[in-house]
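A.B. asks: Have a look at this one.
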Amino acid sequence: MAPTFKFSNGLVKNTEQLDVKLFKHEDEVNPRKKNRRIVVAESSRLPYVGTNFGSGSLQCNNLCRYFVGVLDKSTMQMKVHNAQLFNMLPLIPGEAVVDDNIKQAETYREKVDALIEAFGTTKQKRALTSRRLNEVGNETLQKAVAQAASNVIVRKGVKALRKEVVETEAQTETPLCLPCNTAAEKPEDVYPFDQLLSPTEFDALKDVGMKMSALTPGELQKMRDEGSPQTVLRFLESLPSEDAARDRLSRCAWYLSFLIKISLQKRSVSYKFGTENECPKIILSKVLKNFTVESFNNSRLRNMVTTSMRMKLVSHCLALLLHMGGQTANLTLLHRDMDIRDNKMLELAKAMGLTLSRQTVSSGEEGVQDEHRIASLVLPLVHYERRMERRKRKKMN
């Protein structure tokens with residue numbers, strides 16, 4: 001192999017005045033080092049050094065082979081040899097030799113910091129010291145957080161943590177996810193009924209609605225004893241006599257009852273659950289898509305009702321109740337049926353812009369009356385200011 005030289009600062013007029021030496025790496029086993037070469041060419045003025053590796057070498061394509069032709073003037077024949085290119089750089093006497101093991105300032109920030117250390121003012125040096133101390137503090141904090149996280153993972157386990165993450169999804173201030181028309185001129189157009197139940201979905205509820213409308217007082221009492229939602233039972237006990245209104249209200253009552261059952265599910269919701277409740281396929285597919293979250297557990301994909309999805313179900317049930325009750329809904333019965341706290345139900349009603357009031361209702365027993373929260377949709381919608389609660393701090397002695 002013929003080494004070929006390229007001098008960075010000019011051409012060599014007399015090559016016989018150069019003393020050229022070729023050095024190879026002593027490690028001939030390592031495939032990355034055995035081909036490394038260093039060429040030293042010494043002249044009467046300056047020595048030149050060239051390598052085929054590192055930043056000072058020529059950027060040659062490793063997939064290409066280079067050749068050089070040597071012409072014999074006596075025979076006028078040229079021989080072709082494999083060539084290896086070297087970029088010869090002058091080595092100025094007194095210049096520090098760079099050691100590869102020493103860490104160099106690679107980034108612009110590190111170079112600026114080095115200049116500040118050498119030539120910066122007192123204020124700049126103080127700022128540099130402060131910034132480096134903050135970097136050390138951040139590294140220490142990250143190590144502490146990583147150690148604490150690993151301890152929690154070891155103590156609780158990965159499965160338990162995944163379950164907590166699914167249950168504690170980020171909830172927005174208004175977890176409605178409802179189609180709201182703030183420019184509506186009629187109360188029933190604020191939360192459109194077609195957005196809650198499309199015409200196709202409403203038609204699919206025909207058979208189950210007919211069964212709900214045909215329930216006898218004895219069957220209703222049996223449902224009450226079995227713990228059916230009180231909100232649904234109140235509508236079924238007072239269905240209108242007109243066929244169209246009775247059919248519409250019975251379909252909505254069945255759909256409301258099914259949503260409440262979904263919200264109370266502690267385990268995953270499957271297609272078997274819909275079959276047991278005689279749910280139409282189009283309704284079940286909609287509920288699984290819009291009100292559940294897919295979770296991978298025990299090598300199976302399950303549909304879970306998380307906390308945020310429960311609030312979404314509550315908001316849809318409340319909007320459906322408004323259409324069923326003439327834009328009026330009983331919040332007390334709904335929060336009892338859906339097993340959520342009263343303050344959560346009030347926050348939801350306020351987020352929907354409903355007007356709140358109280359109403360005294362007899363509980364069925366003699367002389368026993370209960371005070372219920374009633375929500376009404378009145379235009380314009382009510383805008384409630386958010387109260388910022390401040391926790392009292394304990395005084396330090």
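In the structure tokens, the first chain shown is A, the next is B, and so on; residue numbers restart at 1 for each chain, and ligands run from 1 in the order shown.
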Looking only at alpha helix (DSSP H) from DSSP on the backbone, list the matching residues of stretch 53-271 of chain A as number ranges by chain.

C.D. replies: A: 108-119, 122-156, 158-167, 193-196, 199-204, 206-213, 217-225, 230-237, 243-263, 271

A.B. asks: Residues of stretch 96-306 of chain A classed as strand (DSSP E or B) by DSSP on the backbone are to be reported as a compact mmCIF listing (two decimals) with N, CA and C atoms, in the first residue's frame.

C.D. replies:
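Result file result.txt:
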# COMPACT_ATOMS: atom_id res chain seq x y z
N VAL A 293 -62.24 3.02 29.19
CA VAL A 293 -60.84 3.16 28.80
C VAL A 293 -60.26 1.77 28.66
N GLU A 294 -59.57 1.52 27.56
CA GLU A 294 -58.94 0.21 27.35
C GLU A 294 -57.70 0.08 28.23
N SER A 295 -57.64 -1.04 28.94
CA SER A 295 -56.53 -1.30 29.85
C SER A 295 -56.06 -2.73 29.64
N PHE A 296 -54.73 -2.91 29.57
CA PHE A 296 -54.14 -4.23 29.37
C PHE A 296 -53.83 -4.84 30.72
N ASN A 297 -54.50 -5.94 31.05
CA ASN A 297 -54.34 -6.56 32.36
C ASN A 297 -54.45 -8.07 32.21
N ARG A 300 -54.80 -9.56 28.80
CA ARG A 300 -56.07 -9.34 28.11
C ARG A 300 -56.37 -7.85 28.07
N LEU A 301 -57.05 -7.43 27.02
CA LEU A 301 -57.46 -6.04 26.86
C LEU A 301 -58.86 -5.88 27.43
N ARG A 302 -59.00 -5.02 28.44
CA ARG A 302 -60.26 -4.84 29.14
C ARG A 302 -60.74 -3.41 29.02
N ASN A 303 -62.06 -3.23 29.12
CA ASN A 303 -62.68 -1.91 29.10
C ASN A 303 -63.04 -1.53 30.52
N MET A 304 -62.33 -0.53 31.06
CA MET A 304 -62.50 -0.13 32.45
C MET A 304 -63.23 1.21 32.52

A.B. asks: Using only C-alpha atoms, which of the listed residues (A:Val190, A:Met352, A:Asn14, A:Ser74) sits closest to A:Ala375?

C.D. replies: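 Selected residue with least distance to A:Ala375: A:Met352.
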
A.B. asks: Would you please work out which residue, of A:Met212, A:Val152, A:Cys279, A:Met1, is nearest to A:Asn82 when using only C-alpha atoms?

C.D. replies: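 Once distances to A:Asn82 are computed over only C-alpha atoms, the minimum belongs to A:Met1.
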
A.B. asks: As a PyMOL selection string, please: the residues near stretch 328-338 of chain A (cut-off 10 Å, only C-alpha atoms, same-chain neighbours under 2 positions excluded).

C.D. replies: chain A and resi 227-232+234+257+259-264+310-311+313-314+317-326+340-346+349+354-359+370-378

A.B. asks: Closest to A:Val70 among A:Ser198, A:Ser315, A:Thr4, A:Asn277, using only C-alpha atoms?

C.D. replies: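 Nearest to A:Val70: A:Thr4.
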
A.B. asks: I'd like the neighbourhood of stretch 86-90 of chain A as a PyMOL selection string, where a residue qualifies if any of its atoms comes within 7 Å (using only C-alpha atoms), though same-chain residues fewer than 2 positions away should be ignored.

C.D. replies: chain A and resi 4-8+46-52+57-58+84+92

A.B. asks: Show me, as a list of chain:residue names, the residues that have an atom within 12 Å of A:Phe53 when counting only C-alpha atoms, minus same-chain residues fewer than 3 positions from it.

C.D. replies: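 Contacts, in chain order: A:Lys24, A:His25, A:Arg32, A:Lys33, A:Lys34, A:Asn35, A:Arg36, A:Arg37, A:Ile38, A:Val39, A:Gly50, A:Gly56, A:Ser57, A:Leu58, A:Gln59, A:Cys60, A:Asn62, A:Gln84, A:Leu85, A:Phe86, A:Asn87.
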
A.B. asks: Identify, on the basis of only C-alpha atoms, every residue whose closest approach to A:Phe273 does not exceed 12 Å; exclude the query and any residue fewer than 4 positions from it along the same chain; express the result as a compact mmCIF listing (two decimals) with C-alpha atoms, in the first residue's frame.

C.D. replies:
# COMPACT_ATOMS: atom_id res chain seq x y z
CA PHE A 258 -78.08 1.23 31.58
CA LYS A 261 -75.33 0.38 35.78
CA ILE A 262 -72.20 0.99 33.68
CA GLN A 265 -69.19 -1.38 37.48
CA ARG A 267 -64.67 -4.54 37.14
CA SER A 268 -64.27 -4.42 33.39
CA VAL A 269 -67.27 -4.00 31.08
CA ASN A 277 -79.05 -6.56 30.05
CA GLU A 278 -80.52 -7.08 26.54
CA CYS A 279 -78.59 -4.09 25.27
CA PRO A 280 -78.63 -3.44 21.48
CA LYS A 281 -75.23 -3.84 19.87
CA LEU A 284 -73.16 -1.21 23.70
CA SER A 285 -70.53 -0.28 21.11
CA VAL A 287 -70.94 3.02 25.51
CA LEU A 288 -67.70 1.02 25.33
CA ASN A 303 -62.68 -1.91 29.10
